[in-house]
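Student: For reference, the structure I am asking about is given below.
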Protein chains: 2
Amino acid sequence: MISEKDVYEASERISPFVKSTPILQSEKLNSLFEADVYFKCENFQHIGAFKARGAHNAVFAMSDEEASKGVATHSSGNHAAALSLAAKNRGISARIVMPNNSNKMKISQVEELGGLIEYCEPTTKAREEAAAKVQKETGAKIVHPYNDPLVIAGQATVALELLNEMPDLDAIVAPVGGGGLMAGTALITKATKPNVYTCGVEPEEVNDAARSLASGELVGNTTLNSIADGLRGNLGPNPFEILQKYLDKLIEVSEKDIVASMRLIWSELKIVIEPSSAVAIASLLFHRQEIKGEKIGVIITGGNVDLDDLPW
Amino acid sequence: MISEKDVYEASERISPFVKSTPILQSEKLNSLFEADVYFKCENFQHIGAFKARGAHNAVFAMSDEEASKGVATHSSGNHAAALSLAAKNRGISARIVMPNNSNKMKISQVEELGGLIEYCEPTTKAREEAAAKVQKETGAKIVHPYNDPLVIAGQATVALELLNEMPDLDAIVAPVGGGGLMAGTALITKATKPNVYTCGVEPEEVNDAARSLASGELVGNTTLNSIADGLRGNLGPNPFEILQKYLDKLIEVSEKDIVASMRLIWSELKIVIEPSSAVAIASLLFHRQEIKGEKIGVIITGGNVDLDDLPW
């Protein structure tokens with residue numbers, strides 16, 4: 001479905017439009033985790049999240065004819081802003097179906113970037129139906145937030161950059177929601193650095209990836225009760241296929257640990273991260289024995305948080 | 001009192017112990033400010049503030065004999081942690097006089113770093129008396145938070161790094177409290193890049209630097225009513241002398257604008273900054289006409305904030 005080559009192509013295609021984000025470290029966090037942890041800060045990416053990568057790859061891979069009809073998507077937020085920005089950079093329209101409980105900051109971001117919002121009920125089914133309707137009416141190409149192979153290849157460029165800068169990592173840890181980032185990460189890591197293990201992390205409350213990987217059959221979430229709003233979507237079939245092949249490990253974390261980890265990173269690393277990013281940190285904090293002495297790359301996925309509604 | 005050479009020596013002396021901090025940018029903030037703004041992130045410095053630089057310079061410039069008696073200081077917080085860390089790195093003791101209204105996070109930081117805290121009333125006089133008493137009892141060398149020439153030379157390395165990485169800046173903007181950072185910044189900027197103008201910023205509520213520079217006579221603050229806890233100290237005589245010679249401009253900002261700027265940076269740059277750092281941002285936000293089209297380096301001085309007590 002996607003190969004190493006697609007990731008290199010994505011990297012070249014999106015490089016004029018995305019940032020090569022810095023990698024931060026903290027001696028205090030290293031001594032707390034008893035490991036060398038390298039934080040790849042995609043919260044500093046355009047639109048405040050790695051999603052800018054996949055969206056730009058999908059939008060700039062389109063032919064001029066396809067592109068003229070615009071793009072559309074359904075998204076809980078960061079992909080919505082990302083697609084709006086990518087469409088704006090290409091000079092085409094972006095129609096965005098968003099759940100009506102999306103966070104305020106993510107909504108206003110899409111509006112500022114010129115995305116045309118259509119609200120729907122916060123269920124996967126309602127989102128997909130609304131997006132299909134938009135496509136039928138406008139001919140816009142739907143860019144799925146995590147199932148689109150071009151999006152997966154774009155997200156894989158985060159790990160590509162991290163591995164280029166830190167070639168001697170033992171592991172890469174990232175959160176799993178729809179699975180686009182984790183699939184891209186697992187794929188490019190195995191292709192370029194087969195000795196580096198990859199670890200996905202998801203909230204216990206929306207553990208569809210863990211259940212799907214354990215059973216070998218793609219199953220959906222039964223609840224959406226996680227503070228990690230970026231991870232509430234169901235794992236996509238394409239990411240699932242890739243994760244089954246390449247992912248080494250999957251860890252589930254509690255809501256309490258997600259909040260504690262979010263706060264820890266704000267306090268110690270002095271960066272603003274969203275709950276979905278804190279999920280990966282929680283796995284480090286509560287599995288210290290397993291990572292002792294290792295060099296771990298953690299993908300900080302985003303920093304779009306409503307500052308009036310912090311979970312502490 | 002200090003020269004360009006002292007700053008280069010400081011840079012070499014402290015390089016094993018301090019981070020060369022990243023410079024961040026945000027397109028959204030650039031369009032808001034209508035200028036190219038480069039944020040030098042000393043909030044990512046050890047102990048979460050630039051103060052690590054001056055403290056390490058002072059501590060590592062001491063002879064072994066001097067050092068054996070330890071160091072002492074009075075500080076509202078970041079210098080306290082910085083001196084504790086520098087002393088720890090040299091293997092000597094640090095005795096810290098802190099005002100009894102210091103923020104919780106700064107207190108626990110000092111404790112974790114092995115600093116020995118002695119509390120005093122939150123006035124400049126009480127602090128200085130308590131520090132003198134400690135010195136008399138122990139023979140420890142007092143490392144003043146902003147008046148010590150070695151500390152000033154150490155703080156100047158922030159601007160040195162910024163100018164090395166961004167040699168075509170039009171201006172450097174930084175907050176003024178005791179004046180150590182701003183004096184070092186003004187001095188090294190004029191010495192190495194005389195065409196770059198330097199701008200100090202302080203809260204209207206503690207505007208001793210503005211009044212001192214306007215009158216040509218060092219005057220103290222009459223109130224301490226600013227949220228910018230790192231800037232409540234009086235301008236030191238040595239920084240005052242340097243600022244009189246080299247500083248190009250001083251701007252005062254309101255408490256309301258400090259809070260709005262702090263929130264803006266958290267939201268848009270995705271970094272945690274303390275109110276004292278936001279002071280410099282406030283000057284950009286509310287003097288946009290004057291900086292239009294310029295390349296501005298802003299020193300983000302620190303990120304030590306009590307996350308349970310945010311000002312919004």
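Each chain of the structure tokens is named A, B, ... in the order shown, its residues numbered from 1; ligands are numbered from 1 in display order.
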Among region 140-214 of chain A, which residues carry a DSSP assignment of strand (DSSP E), reported as a PyMOL selection string?

Tutor: chain A and resi 141-142+171-175+197-203

Student: Please check the contacts: residues of chain A at most 6 Å away from chain B, using only C-alpha atoms, listed as a compact mmCIF listing (two decimals) with N, CA and C atoms, in the first residue's frame.

Tutor:
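Result file iface.txt:
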# COMPACT_ATOMS: atom_id res chain seq x y z
N LYS A 270 8.59 22.64 29.51
CA LYS A 270 8.16 24.02 29.19
C LYS A 270 7.52 24.11 27.82
N ILE A 271 6.82 23.05 27.45
CA ILE A 271 6.08 23.12 26.19
C ILE A 271 4.62 22.78 26.44
N VAL A 272 3.77 23.34 25.57
CA VAL A 272 2.33 23.10 25.64
C VAL A 272 2.01 21.90 24.75
N GLY A 303 -0.07 20.51 20.06
CA GLY A 303 -0.18 21.40 21.21
C GLY A 303 -1.41 22.28 21.20

Student: Could you find all residues in region 117-294 of chain A that DSSP calls helix (DSSP H, G or I) from the backbone, and write them as a ChimeraX atom specification?

Tutor: /A:124-138,149-165,180-192,204-206,208-215,229-231,237-246,255-269,275-285,288-291

Student: Would you pick out the contacts of Ser276 (chain A) at 8 Å or less, using only C-alpha atoms, so that residues sharing its chain but fewer than 3 positions from it are not included, and give the list as a PyMOL selection string?

Tutor: chain A and resi 175+227-231+279-280+301-302

Student: Please report the interatomic distance between CA of Pro239 (chain B) and CA of Lys51 (chain B) in Å with one decimal.

Tutor: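 Taking CA of Pro239 (chain B) as the start and CA of Lys51 (chain B) as the end point, the length is 15.0 Å.
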
Student: Could you give me, as a VMD selection string, the residues within 9 Å of Val7 (chain B), counting only C-alpha atoms and dropping anything in the same chain fewer than 3 positions from it?

Tutor: chain B and resid 2 to 4 10 to 12 150 152 to 157 160 184 188

Student: Go ahead and dump the residues you just picked, C-alpha atoms, as an mmCIF file, in the first residue's frame.

Tutor:
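Printed below is result_37.cif as written:
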data_model
loop_
_atom_site.group_PDB
_atom_site.id
_atom_site.type_symbol
_atom_site.label_atom_id
_atom_site.label_comp_id
_atom_site.auth_asym_id
_atom_site.auth_seq_id
_atom_site.Cartn_x
_atom_site.Cartn_y
_atom_site.Cartn_z
ATOM 1 C CA ILE B 2 32.954 44.077 31.848
ATOM 2 C CA SER B 3 34.085 43.877 28.261
ATOM 3 C CA GLU B 4 33.394 41.842 25.144
ATOM 4 C CA ALA B 10 32.008 33.335 30.000
ATOM 5 C CA SER B 11 30.724 31.588 26.893
ATOM 6 C CA GLU B 12 33.650 29.187 26.925
ATOM 7 C CA LEU B 150 30.515 37.743 36.178
ATOM 8 C CA ILE B 152 26.202 39.961 33.767
ATOM 9 C CA ALA B 153 28.866 38.507 31.460
ATOM 10 C CA GLY B 154 27.217 35.093 31.740
ATOM 11 C CA GLN B 155 23.759 36.440 30.884
ATOM 12 C CA ALA B 156 25.276 38.225 27.879
ATOM 13 C CA THR B 157 25.920 34.831 26.284
ATOM 14 C CA LEU B 160 25.873 36.288 21.820
ATOM 15 C CA GLY B 184 24.792 41.949 29.185
ATOM 16 C CA ILE B 188 27.605 42.482 23.776
#

Student: Do a neighbour search on Val134 (chain B) at 8 Å with only C-alpha atoms, toss out local chain neighbours closer than 6 positions, and write the hits as a PyMOL selection string.

Tutor: chain B and resi 72+95+140

Student: Would you save the residues of that selection, restricted to C-alpha atoms, as a PDB file, in the first residue's frame?

Tutor:
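Writing the result to result-v6.pdb gives the following:
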ATOM      1  CA  ALA B  72      25.220  32.323  48.773  1.00  0.00           C
ATOM      2  CA  ARG B  95      22.928  28.955  50.640  1.00  0.00           C
ATOM      3  CA  ALA B 140      30.449  31.850  51.377  1.00  0.00           C
TER       4      ALA B 140
END

Student: With a distance cut-off of 12 Å and only C-alpha atoms, select the neighbouring residues of Glu65 (chain B), excluding the residue or stretch itself and same-chain residues fewer than 6 positions from it, and output the selection as an mmCIF file with N, CA and C atoms, in the first residue's frame.

Tutor:
data_model
loop_
_atom_site.group_PDB
_atom_site.id
_atom_site.type_symbol
_atom_site.label_atom_id
_atom_site.label_comp_id
_atom_site.auth_asym_id
_atom_site.auth_seq_id
_atom_site.Cartn_x
_atom_site.Cartn_y
_atom_site.Cartn_z
ATOM 1 N N VAL B 71 28.815 29.161 48.024
ATOM 2 C CA VAL B 71 28.249 30.419 47.533
ATOM 3 C C VAL B 71 26.935 30.682 48.240
ATOM 4 N N ILE B 92 30.025 22.188 45.401
ATOM 5 C CA ILE B 92 30.135 23.054 46.581
ATOM 6 C C ILE B 92 28.726 23.380 47.091
ATOM 7 N N GLY B 139 31.389 32.405 55.409
ATOM 8 C CA GLY B 139 32.467 32.767 54.481
ATOM 9 C C GLY B 139 32.126 32.514 53.025
ATOM 10 N N ALA B 140 30.867 32.110 52.762
ATOM 11 C CA ALA B 140 30.449 31.850 51.377
ATOM 12 C C ALA B 140 30.536 33.131 50.556
ATOM 13 N N LYS B 141 30.839 32.983 49.289
ATOM 14 C CA LYS B 141 30.861 34.138 48.402
ATOM 15 C C LYS B 141 29.436 34.463 47.954
#

Student: So that I can check the surroundings of Glu34 (chain A), please list as a PDB file with N, CA and C atoms, in the first residue's frame every protein, DNA and RNA residue that reaches within 12 Å of it, counting only C-alpha atoms and ignoring chain neighbours fewer than 6 positions away.

Tutor:
ATOM      1  N   SER A  26      15.365  16.877  28.359  1.00  0.00           N
ATOM      2  CA  SER A  26      15.402  17.427  29.711  1.00  0.00           C
ATOM      3  C   SER A  26      16.149  16.451  30.603  1.00  0.00           C
ATOM      4  N   GLU A  27      17.213  16.947  31.248  1.00  0.00           N
ATOM      5  CA  GLU A  27      17.977  16.058  32.138  1.00  0.00           C
ATOM      6  C   GLU A  27      17.118  15.556  33.283  1.00  0.00           C
ATOM      7  N   LYS A  28      16.228  16.427  33.749  1.00  0.00           N
ATOM      8  CA  LYS A  28      15.379  16.031  34.868  1.00  0.00           C
ATOM      9  C   LYS A  28      14.420  14.905  34.441  1.00  0.00           C
ATOM     10  N   LEU A 284       5.779   5.958  29.077  1.00  0.00           N
ATOM     11  CA  LEU A 284       7.151   5.965  29.594  1.00  0.00           C
ATOM     12  C   LEU A 284       7.160   6.002  31.111  1.00  0.00           C
ATOM     13  N   LEU A 285       6.281   6.876  31.611  1.00  0.00           N
ATOM     14  CA  LEU A 285       6.279   7.136  33.047  1.00  0.00           C
ATOM     15  C   LEU A 285       5.870   5.889  33.823  1.00  0.00           C
ATOM     16  N   PHE A 286       4.989   5.104  33.223  1.00  0.00           N
ATOM     17  CA  PHE A 286       4.453   3.985  33.979  1.00  0.00           C
ATOM     18  C   PHE A 286       4.968   2.620  33.494  1.00  0.00           C
ATOM     19  N   HIS A 287       5.996   2.669  32.653  1.00  0.00           N
ATOM     20  CA  HIS A 287       6.660   1.416  32.233  1.00  0.00           C
ATOM     21  C   HIS A 287       8.162   1.609  32.299  1.00  0.00           C
ATOM     22  N   ARG A 288       8.624   2.250  33.373  1.00  0.00           N
ATOM     23  CA  ARG A 288      10.018   2.632  33.452  1.00  0.00           C
ATOM     24  C   ARG A 288      10.963   1.450  33.425  1.00  0.00           C
ATOM     25  N   GLN A 289      10.537   0.351  34.023  1.00  0.00           N
ATOM     26  CA  GLN A 289      11.423  -0.811  34.084  1.00  0.00           C
ATOM     27  C   GLN A 289      11.822  -1.278  32.690  1.00  0.00           C
ATOM     28  N   GLU A 290      10.842  -1.226  31.779  1.00  0.00           N
ATOM     29  CA  GLU A 290      11.066  -1.780  30.437  1.00  0.00           C
ATOM     30  C   GLU A 290      11.987  -0.927  29.575  1.00  0.00           C
ATOM     31  N   ILE A 291      12.069   0.365  29.863  1.00  0.00           N
ATOM     32  CA  ILE A 291      12.855   1.242  28.988  1.00  0.00           C
ATOM     33  C   ILE A 291      14.164   1.684  29.622  1.00  0.00           C
ATOM     34  N   LYS A 292      14.446   1.155  30.796  1.00  0.00           N
ATOM     35  CA  LYS A 292      15.621   1.574  31.566  1.00  0.00           C
ATOM     36  C   LYS A 292      16.897   1.612  30.722  1.00  0.00           C
ATOM     37  N   GLY A 293      17.533   2.772  30.700  1.00  0.00           N
ATOM     38  CA  GLY A 293      18.810   2.900  30.005  1.00  0.00           C
ATOM     39  C   GLY A 293      18.706   3.034  28.493  1.00  0.00           C
ATOM     40  N   GLU A 294      17.502   3.011  27.956  1.00  0.00           N
ATOM     41  CA  GLU A 294      17.357   3.082  26.496  1.00  0.00           C
ATOM     42  C   GLU A 294      17.324   4.521  25.982  1.00  0.00           C
ATOM     43  N   LYS A 295      17.542   4.631  24.679  1.00  0.00           N
ATOM     44  CA  LYS A 295      17.374   5.903  23.991  1.00  0.00           C
ATOM     45  C   LYS A 295      16.030   5.879  23.278  1.00  0.00           C
ATOM     46  N   ILE A 296      15.118   6.713  23.758  1.00  0.00           N
ATOM     47  CA  ILE A 296      13.748   6.645  23.263  1.00  0.00           C
ATOM     48  C   ILE A 296      13.383   7.947  22.555  1.00  0.00           C
TER      49      ILE A 296
END
